[in-house]
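Text of the file input.txt, holding compact mmCIF, C-alpha atoms:
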```
# COMPACT_ATOMS: atom_id res chain seq x y z
CA MET A 103 18.81 54.52 6.85
CA SER A 104 17.53 52.86 10.03
CA VAL A 105 16.44 49.22 9.93
CA ALA A 106 12.79 50.09 10.65
CA ARG A 107 12.76 52.68 7.86
CA ARG A 108 14.37 50.32 5.37
CA LEU A 109 11.85 47.57 6.19
CA ARG A 110 8.97 50.03 5.87
CA LEU A 111 10.14 51.23 2.45
CA LYS A 112 10.66 47.67 1.17
CA THR A 113 7.24 46.69 2.50
CA TYR A 114 5.49 49.59 0.77
CA VAL A 115 7.17 48.82 -2.55
CA MET A 116 6.10 45.18 -2.30
CA ILE A 117 2.52 46.06 -1.38
CA VAL A 118 2.31 48.41 -4.39
CA LEU A 119 3.57 45.58 -6.63
CA MET A 120 1.05 43.17 -5.05
CA VAL A 121 -1.83 45.57 -5.66
CA LEU A 122 -0.67 46.17 -9.25
CA PHE A 123 -0.15 42.55 -10.29
CA GLY A 124 -3.08 41.29 -8.21
CA ALA A 125 -5.53 43.69 -9.86
CA MET A 126 -4.05 43.10 -13.34
CA GLY A 127 -4.25 39.33 -12.82
CA ASP A 128 -7.88 39.50 -11.74
CA VAL A 129 -8.88 41.68 -14.71
CA LEU A 130 -7.00 39.57 -17.29
CA LEU A 131 -8.22 36.31 -15.84
CA GLY A 132 -11.78 37.62 -15.65
CA LYS A 133 -11.69 38.85 -19.26
CA GLY A 134 -10.10 35.64 -20.50
CA MET A 135 -12.54 33.37 -18.71
CA LYS A 136 -15.47 35.38 -20.06
CA GLU A 137 -14.06 35.03 -23.59
CA THR A 138 -14.01 31.27 -23.19
CA GLY A 139 -17.66 31.34 -22.19
CA GLY A 140 -17.36 31.49 -18.43
CA ILE A 141 -17.45 28.76 -15.85
CA ALA A 142 -20.77 27.21 -14.89
CA LEU A 143 -20.46 27.25 -11.11
CA THR A 144 -22.98 24.45 -10.69
CA SER A 145 -20.80 21.50 -9.77
CA LEU A 146 -17.10 20.80 -9.29
CA THR A 147 -17.00 18.89 -12.63
CA SER A 148 -18.40 21.83 -14.57
CA ILE A 149 -15.93 24.13 -12.78
CA PHE A 150 -13.03 21.91 -13.87
CA ASP A 151 -14.40 21.78 -17.44
CA GLY A 152 -14.49 25.58 -17.45
CA LEU A 153 -10.94 25.77 -16.10
CA LYS A 154 -9.76 23.40 -18.84
CA LEU A 155 -11.28 25.66 -21.52
CA GLY A 156 -9.50 28.62 -19.92
CA PHE A 157 -6.09 27.03 -20.54
CA HIS A 158 -6.54 27.65 -24.28
CA ASN A 159 -6.85 31.40 -23.83
CA GLU A 160 -3.91 33.85 -23.94
CA LEU A 161 -5.47 36.33 -21.54
CA VAL A 162 -5.97 33.55 -19.00
CA TRP A 163 -2.27 32.70 -19.20
CA MET A 164 -1.25 36.35 -18.82
CA GLY A 165 -3.62 36.65 -15.88
CA MET A 166 -2.14 33.60 -14.22
CA LEU A 167 1.38 34.94 -14.79
CA SER A 168 0.34 38.20 -13.09
CA LEU A 169 -1.08 36.28 -10.17
CA ILE A 170 2.09 34.20 -9.86
CA ILE A 171 4.14 37.43 -9.69
CA PHE A 172 1.64 38.71 -7.12
CA PHE A 173 2.13 35.58 -5.01
CA ILE A 174 5.93 35.78 -5.22
CA CYS A 175 5.82 39.42 -4.01
CA TYR A 176 3.52 38.25 -1.21
CA LEU A 177 6.00 35.54 -0.17
CA LEU A 178 8.93 37.96 -0.30
CA VAL A 179 7.28 40.64 1.83
CA LEU A 180 6.30 38.02 4.42
CA SER A 181 9.98 37.09 4.79
CA TRP A 182 10.43 40.33 6.75
CA ALA A 183 7.07 41.96 7.50
CA ASP A 184 4.29 40.97 9.93
CA TYR A 185 1.39 39.03 8.44
CA SER A 186 -0.96 41.19 10.54
CA PHE A 187 0.57 44.23 8.81
CA VAL A 188 0.65 43.00 5.20
CA SER A 189 -2.77 41.36 5.08
CA PRO A 190 -4.91 44.38 6.07
CA ALA A 191 -2.60 46.83 4.28
CA SER A 192 -3.06 45.02 0.97
CA ALA A 193 -6.82 45.62 1.26
CA VAL A 194 -5.99 49.02 -0.23
CA SER A 195 -6.40 47.16 -3.55
CA TYR A 196 -10.21 47.40 -3.14
CA ALA A 197 -9.83 51.18 -3.12
CA VAL A 198 -7.42 51.21 -6.08
CA VAL A 199 -9.62 48.90 -8.17
CA THR A 200 -12.75 50.97 -7.43
CA PHE A 201 -10.93 54.19 -8.26
CA LEU A 202 -9.42 52.81 -11.50
CA GLY A 203 -12.78 51.42 -12.60
CA TRP A 204 -14.30 54.85 -12.03
CA VAL A 205 -11.54 56.78 -13.86
CA LEU A 206 -10.64 54.41 -16.70
CA LEU A 207 -13.85 52.47 -17.33
CA HIS A 208 -16.27 55.22 -16.24
CA GLU A 209 -18.02 52.73 -13.97
CA ALA A 210 -20.82 54.08 -11.83
CA VAL A 211 -19.80 53.79 -8.18
CA PRO A 212 -22.64 53.95 -5.63
CA SER A 213 -22.04 56.20 -2.63
CA VAL A 214 -22.06 53.27 -0.15
CA ARG A 215 -19.14 51.90 -2.10
CA TRP A 216 -17.24 55.18 -1.88
CA LEU A 217 -17.88 55.15 1.86
CA GLY A 218 -16.38 51.65 1.97
CA VAL A 219 -13.32 52.90 0.06
CA VAL A 220 -12.84 55.75 2.54
CA VAL A 221 -13.20 53.39 5.53
CA ILE A 222 -10.69 50.93 4.02
CA CYS A 223 -8.18 53.75 3.40
CA LEU A 224 -8.61 54.89 6.98
CA GLY A 225 -8.01 51.34 8.22
CA VAL A 226 -4.92 50.91 6.03
CA PHE A 227 -3.64 54.29 7.24
CA LEU A 228 -3.93 53.13 10.88
CA VAL A 229 -2.22 49.80 10.15
CA GLY A 230 0.49 51.73 8.30
CA ARG A 231 1.18 53.72 11.48
CA THR A 232 2.19 50.51 13.33
CA PRO A 233 5.68 48.94 13.06
CA THR A 234 6.19 46.79 9.96
CA ARG A 235 7.79 44.05 11.98
CA THR A 236 7.19 43.19 15.64
CA THR A 237 8.98 39.83 15.83
CA GLN A 238 12.70 39.04 16.09
CA GLU A 239 14.74 37.66 13.22
CA THR A 240 15.27 33.99 14.17
CA ASN A 241 18.55 33.31 12.36
CA MET B 199 -25.63 24.18 7.09
CA ALA B 200 -23.28 23.18 4.27
CA VAL B 201 -22.92 26.84 3.29
CA TRP B 202 -21.70 27.84 6.75
CA MET B 203 -19.35 24.88 6.88
CA LEU B 204 -17.85 25.83 3.51
CA LEU B 205 -17.55 29.43 4.64
CA GLY B 206 -15.77 28.25 7.79
CA ILE B 207 -13.33 26.23 5.69
CA VAL B 208 -12.68 29.20 3.38
CA VAL B 209 -11.89 31.49 6.31
CA LEU B 210 -10.05 29.04 8.59
CA ALA B 211 -8.11 27.08 5.95
CA GLY B 212 -7.33 30.31 4.11
CA THR B 213 -5.94 32.17 7.10
CA SER B 214 -4.12 29.22 8.65
CA GLY B 215 -2.62 28.53 5.22
CA GLU B 216 -1.30 32.08 5.05
CA ILE B 217 0.01 31.84 8.61
CA ALA B 218 1.86 28.63 7.73
CA VAL B 219 3.32 30.25 4.60
CA THR B 220 4.40 33.26 6.69
CA ARG B 221 6.09 30.94 9.17
CA ALA B 222 8.05 29.31 6.34
CA MET B 223 9.13 32.67 4.93
CA LYS B 224 10.19 33.93 8.38
CA GLN B 225 12.30 30.78 8.67
CA ILE B 226 14.09 31.84 5.47
CA GLY B 227 14.65 35.33 6.85
CA GLU B 228 14.58 38.78 5.30
CA VAL B 229 15.14 38.62 1.55
CA ARG B 230 17.74 41.26 0.62
CA GLN B 231 18.76 40.24 -2.91
CA PHE B 232 16.23 40.69 -5.69
CA HIS B 233 18.12 39.40 -8.74
CA PRO B 234 16.07 36.76 -10.55
CA ARG B 235 18.69 34.14 -9.69
CA ALA B 236 18.56 35.04 -5.99
CA LEU B 237 14.75 34.90 -6.05
CA VAL B 238 14.79 31.43 -7.62
CA GLY B 239 17.09 30.40 -4.77
CA VAL B 240 14.67 31.79 -2.19
CA LEU B 241 11.72 29.96 -3.75
CA GLY B 242 13.77 26.76 -3.92
CA ARG B 243 14.58 27.03 -0.22
CA ALA B 244 10.94 27.84 0.59
CA LEU B 245 9.78 24.65 -1.11
CA ARG B 246 12.03 22.60 1.16
CA ILE B 247 10.21 23.82 4.27
CA GLY B 248 7.32 21.70 5.55
CA TRP B 249 5.31 24.73 6.66
CA MET B 250 5.26 25.99 3.07
CA TRP B 251 3.68 22.78 1.77
CA LEU B 252 1.18 22.72 4.62
CA GLY B 253 0.33 26.35 3.83
CA LEU B 254 -0.04 25.77 0.09
CA GLY B 255 -2.24 22.73 0.76
CA LEU B 256 -4.52 24.71 3.06
CA LEU B 257 -4.69 27.59 0.57
CA ALA B 258 -5.67 25.17 -2.22
CA MET B 259 -8.35 23.73 0.04
CA ALA B 260 -9.69 27.23 0.78
CA PHE B 261 -9.64 28.09 -2.93
CA PHE B 262 -11.69 25.07 -3.99
CA SER B 263 -14.11 25.58 -1.10
CA LEU B 264 -14.54 29.16 -2.27
CA LEU B 265 -15.27 27.99 -5.83
CA THR B 266 -17.85 25.52 -4.51
CA LEU B 267 -19.38 28.20 -2.32
CA LEU B 268 -19.57 30.63 -5.25
CA SER B 269 -21.33 27.98 -7.30
CA ARG B 270 -24.18 28.05 -4.77
CA GLU B 271 -24.30 31.55 -3.35
CA ASN B 272 -24.02 35.15 -4.56
CA VAL B 273 -20.63 36.85 -4.63
CA SER B 274 -22.12 39.79 -2.73
CA PHE B 275 -23.05 37.39 0.07
CA VAL B 276 -19.81 35.41 0.12
CA VAL B 277 -17.10 38.09 -0.18
CA PRO B 278 -18.23 40.35 2.71
CA LEU B 279 -18.28 37.30 5.00
CA THR B 280 -14.79 36.22 3.93
CA ALA B 281 -13.62 39.69 5.06
CA LEU B 282 -13.77 38.13 8.53
CA SER B 283 -10.46 36.53 7.52
CA TYR B 284 -8.73 39.81 8.37
CA VAL B 285 -9.79 39.47 12.02
CA VAL B 286 -9.07 35.73 12.22
CA GLY B 287 -5.70 36.35 10.51
CA ALA B 288 -4.64 39.04 12.98
CA LEU B 289 -5.69 36.82 15.88
CA MET B 290 -3.77 33.82 14.51
CA ALA B 291 -0.70 35.96 13.77
CA LYS B 292 -0.73 37.08 17.40
CA ILE B 293 -1.15 33.55 18.79
CA PHE B 294 0.97 31.46 16.42
CA LEU B 295 3.57 33.91 15.14
CA GLY B 296 3.95 36.09 18.24
CA GLU B 297 3.19 39.30 16.33
CA GLU B 298 2.19 42.30 18.41
CA VAL B 299 -1.25 43.49 17.37
CA ASP B 300 -1.68 46.75 19.27
CA HIS B 301 -4.83 48.87 19.55
CA MET B 302 -4.03 50.87 16.45
CA ARG B 303 -3.52 47.77 14.32
CA TRP B 304 -6.75 46.23 15.64
CA MET B 305 -8.63 49.43 14.83
CA GLY B 306 -7.13 49.36 11.33
CA VAL B 307 -8.10 45.72 10.82
CA LEU B 308 -11.67 46.34 11.97
CA LEU B 309 -12.03 49.38 9.71
CA VAL B 310 -10.75 47.32 6.76
CA VAL B 311 -13.39 44.65 7.47
CA VAL B 312 -16.18 47.24 7.69
CA GLY B 313 -14.87 48.93 4.53
CA VAL B 314 -14.76 45.69 2.51
CA VAL B 315 -18.31 44.85 3.58
CA LEU B 316 -19.48 48.34 2.51
CA VAL B 317 -17.69 48.08 -0.85
CA TRP B 318 -19.51 44.82 -1.63
CA VAL B 319 -22.86 45.89 -0.29
CA GLY B 320 -22.70 49.08 -2.40
```

Could you quickly redo this structure as structure tokens?
Amino acid sequence: MSVARRLRLKTYVMIVLMVLFGAMGDVLLGKGMKETGGIALTSLTSIFDGLKLGFHNELVWMGMLSLIIFFICYLLVLSWADYSFVSPASAVSYAVVTFLGWVLLHEAVPSVRWLGVVVICLGVFLVGRTPTRTTQETN
Amino acid sequence: MAVWMLLGIVVLAGTSGEIAVTRAMKQIGEVRQFHPRALVGVLGRALRIGWMWLGLGLLAMAFFSLLTLLSRENVSFVVPLTALSYVVGALMAKIFLGEEVDHMRWMGVLLVVVGVVLVWVG
């Protein structure tokens, strides 16, 4: 397998993991924080009080674990891939989350939103056509 | 005024934080081993690089600015504007990391920005 092909494959796997754990983390964290009563976003003190309450909730912990895994995948992929490749490519998560919400939770999705999903996919497709890495390995 | 300043911090601190983190990870070089023990080693090395700490600090700053911003404004106003980060990020990656952002990548980035705005407006 050529170097470029290997890097591309590794990058795609990592982006899939990022989308998966990122979305899962957001959902779990969102659910957990709502269970604890939500954060009053009125002042920094009330935000911190809300965060403290969240630490007593299992879903919040699972959500944070997911987000930590997400961040580790993010760090790993950036060890070989361009930032200007990974960052727009991971926007595909908006499309995945919208689609999953529609299929699994039967959420109503307005047509403007579907248009946005199509445009994002088009953008990610174009970014995906560019080389994964355009800089030289320094060491 | 304060809203635009906070928004500027979210976008600029957020993207420069990610650029700094990328710089640290590029210094480590391509990760090829994915055993848990190897990954712990990679993270350990990452935490000994100054750029990583600078990046994490900037990301924390962006995160708390975002929370403050969300406490004052609607999500549907804030998130589409933070989509500008994709453009700023590509620009910074070109300038500070020497990445080649060709026409196709720029087109892709711009479409992603437009798409994210549409998703949140919808």

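Once B:Leu252 and its same-chain neighbours fewer than 6 positions away are set aside, Ala211, Gly212, Ser214, Gly215, Glu216, Ile217, Ala218, Val219, Thr220, Arg221, Ala222, Ala244, Leu245, Arg246, Ala258 and Met259 of chain B remain within 12 Å of it when counting all atoms listed in the file.
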
Using all atoms listed in the file, tabulate the residues of chain A lying at most 9 Å from any atom of chain B, each with its closest atom pair and that distance in Å to one decimal, by chain and increasing residue number, as JSON lines.
```
{"residue": "A:Ala142", "atom": "CA", "partner": "B:Ser269", "partner_atom": "CA", "distance": 7.6}
{"residue": "A:Leu143", "atom": "CA", "partner": "B:Ser269", "partner_atom": "CA", "distance": 4.0}
{"residue": "A:Thr144", "atom": "CA", "partner": "B:Ser269", "partner_atom": "CA", "distance": 5.2}
{"residue": "A:Ser145", "atom": "CA", "partner": "B:Ser269", "partner_atom": "CA", "distance": 7.0}
{"residue": "A:Leu146", "atom": "CA", "partner": "B:Thr266", "partner_atom": "CA", "distance": 6.8}
{"residue": "A:Ile149", "atom": "CA", "partner": "B:Leu265", "partner_atom": "CA", "distance": 8.0}
{"residue": "A:Ile174", "atom": "CA", "partner": "B:Leu241", "partner_atom": "CA", "distance": 8.3}
{"residue": "A:Leu177", "atom": "CA", "partner": "B:Met223", "partner_atom": "CA", "distance": 6.6}
{"residue": "A:Leu178", "atom": "CA", "partner": "B:Val229", "partner_atom": "CA", "distance": 6.5}
{"residue": "A:Val179", "atom": "CA", "partner": "B:Val229", "partner_atom": "CA", "distance": 8.1}
{"residue": "A:Leu180", "atom": "CA", "partner": "B:Thr220", "partner_atom": "CA", "distance": 5.6}
{"residue": "A:Ser181", "atom": "CA", "partner": "B:Met223", "partner_atom": "CA", "distance": 4.5}
{"residue": "A:Trp182", "atom": "CA", "partner": "B:Glu228", "partner_atom": "CA", "distance": 4.7}
{"residue": "A:Ala183", "atom": "CA", "partner": "B:Glu228", "partner_atom": "CA", "distance": 8.4}
{"residue": "A:Asp184", "atom": "CA", "partner": "B:Glu297", "partner_atom": "CA", "distance": 6.7}
{"residue": "A:Tyr185", "atom": "CA", "partner": "B:Ala291", "partner_atom": "CA", "distance": 6.5}
{"residue": "A:Ser186", "atom": "CA", "partner": "B:Ala288", "partner_atom": "CA", "distance": 4.9}
{"residue": "A:Phe187", "atom": "CA", "partner": "B:Arg303", "partner_atom": "CA", "distance": 7.7}
{"residue": "A:Ser189", "atom": "CA", "partner": "B:Tyr284", "partner_atom": "CA", "distance": 7.0}
{"residue": "A:Pro190", "atom": "CA", "partner": "B:Val307", "partner_atom": "CA", "distance": 5.9}
{"residue": "A:Ala191", "atom": "CA", "partner": "B:Val310", "partner_atom": "CA", "distance": 8.5}
{"residue": "A:Ala193", "atom": "CA", "partner": "B:Val310", "partner_atom": "CA", "distance": 7.0}
{"residue": "A:Val194", "atom": "CA", "partner": "B:Val310", "partner_atom": "CA", "distance": 8.6}
{"residue": "A:Tyr196", "atom": "CA", "partner": "B:Val314", "partner_atom": "CA", "distance": 7.5}
{"residue": "A:Ala197", "atom": "CA", "partner": "B:Val317", "partner_atom": "CA", "distance": 8.7}
{"residue": "A:Thr200", "atom": "CA", "partner": "B:Val317", "partner_atom": "CA", "distance": 8.7}
{"residue": "A:Val211", "atom": "CA", "partner": "B:Gly320", "partner_atom": "CA", "distance": 8.0}
{"residue": "A:Pro212", "atom": "CA", "partner": "B:Gly320", "partner_atom": "CA", "distance": 5.8}
{"residue": "A:Ser213", "atom": "CA", "partner": "B:Gly320", "partner_atom": "CA", "distance": 7.2}
{"residue": "A:Val214", "atom": "CA", "partner": "B:Gly320", "partner_atom": "CA", "distance": 4.8}
{"residue": "A:Arg215", "atom": "CA", "partner": "B:Val317", "partner_atom": "CA", "distance": 4.3}
{"residue": "A:Trp216", "atom": "CA", "partner": "B:Val317", "partner_atom": "CA", "distance": 7.2}
{"residue": "A:Leu217", "atom": "CA", "partner": "B:Leu316", "partner_atom": "CA", "distance": 7.0}
{"residue": "A:Gly218", "atom": "CA", "partner": "B:Gly313", "partner_atom": "CA", "distance": 4.0}
{"residue": "A:Val219", "atom": "CA", "partner": "B:Gly313", "partner_atom": "CA", "distance": 6.2}
{"residue": "A:Val220", "atom": "CA", "partner": "B:Gly313", "partner_atom": "CA", "distance": 7.4}
{"residue": "A:Val221", "atom": "CA", "partner": "B:Gly313", "partner_atom": "CA", "distance": 4.9}
{"residue": "A:Ile222", "atom": "CA", "partner": "B:Val310", "partner_atom": "CA", "distance": 4.5}
{"residue": "A:Cys223", "atom": "CA", "partner": "B:Val310", "partner_atom": "CA", "distance": 7.7}
{"residue": "A:Leu224", "atom": "CA", "partner": "B:Leu309", "partner_atom": "CA", "distance": 7.0}
{"residue": "A:Gly225", "atom": "CA", "partner": "B:Gly306", "partner_atom": "CA", "distance": 3.8}
{"residue": "A:Val226", "atom": "CA", "partner": "B:Gly306", "partner_atom": "CA", "distance": 5.9}
{"residue": "A:Phe227", "atom": "CA", "partner": "B:Gly306", "partner_atom": "CA", "distance": 7.3}
{"residue": "A:Leu228", "atom": "CA", "partner": "B:Gly306", "partner_atom": "CA", "distance": 5.0}
{"residue": "A:Val229", "atom": "CA", "partner": "B:Arg303", "partner_atom": "CA", "distance": 4.8}
{"residue": "A:Gly230", "atom": "CA", "partner": "B:Arg303", "partner_atom": "CA", "distance": 8.2}
{"residue": "A:Arg231", "atom": "CA", "partner": "B:Met302", "partner_atom": "CA", "distance": 7.7}
{"residue": "A:Thr232", "atom": "CA", "partner": "B:Arg303", "partner_atom": "CA", "distance": 6.4}
{"residue": "A:Arg235", "atom": "CA", "partner": "B:Glu297", "partner_atom": "CA", "distance": 7.9}
{"residue": "A:Thr236", "atom": "CA", "partner": "B:Glu297", "partner_atom": "CA", "distance": 5.6}
{"residue": "A:Thr237", "atom": "CA", "partner": "B:Glu297", "partner_atom": "CA", "distance": 5.8}
{"residue": "A:Glu239", "atom": "CA", "partner": "B:Gly227", "partner_atom": "CA", "distance": 6.8}
{"residue": "A:Thr240", "atom": "CA", "partner": "B:Gln225", "partner_atom": "CA", "distance": 7.0}
{"residue": "A:Asn241", "atom": "CA", "partner": "B:Gly227", "partner_atom": "CA", "distance": 7.0}
```

Considering all atoms listed in the file, return as a ChimeraX atom specification whatever protein or nucleic-acid residues lie within 10 Å of A:Met166, sequence-local ones (same chain, fewer than 4 positions apart) excluded. /A:123-124,126-128,130-131,157,160-162,170-172

B:Trp202: which residues within 12 Å, counting all atoms listed in the file, same-chain residues fewer than 2 positions away excluded, as a list of chain:residue names? B:Met199, B:Ala200, B:Leu204, B:Leu205, B:Gly206, B:Ile207, B:Val208, B:Val209, B:Leu210, B:Ser263, B:Leu264, B:Leu267, B:Arg270, B:Glu271, B:Phe275, B:Val276, B:Leu279, B:Thr280

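The gap separating atom CA of A:Met164 from atom CA of A:Ala210 is 27.3 Å, in Å to one decimal.
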
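The interatomic distance for the pair atom CA of B:Phe294 and atom CA of B:Ala236 works out to 28.7 Å.
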
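Relative to atom CA of A:Ser168, atom CA of B:Ser274 is found at 24.8 Å.
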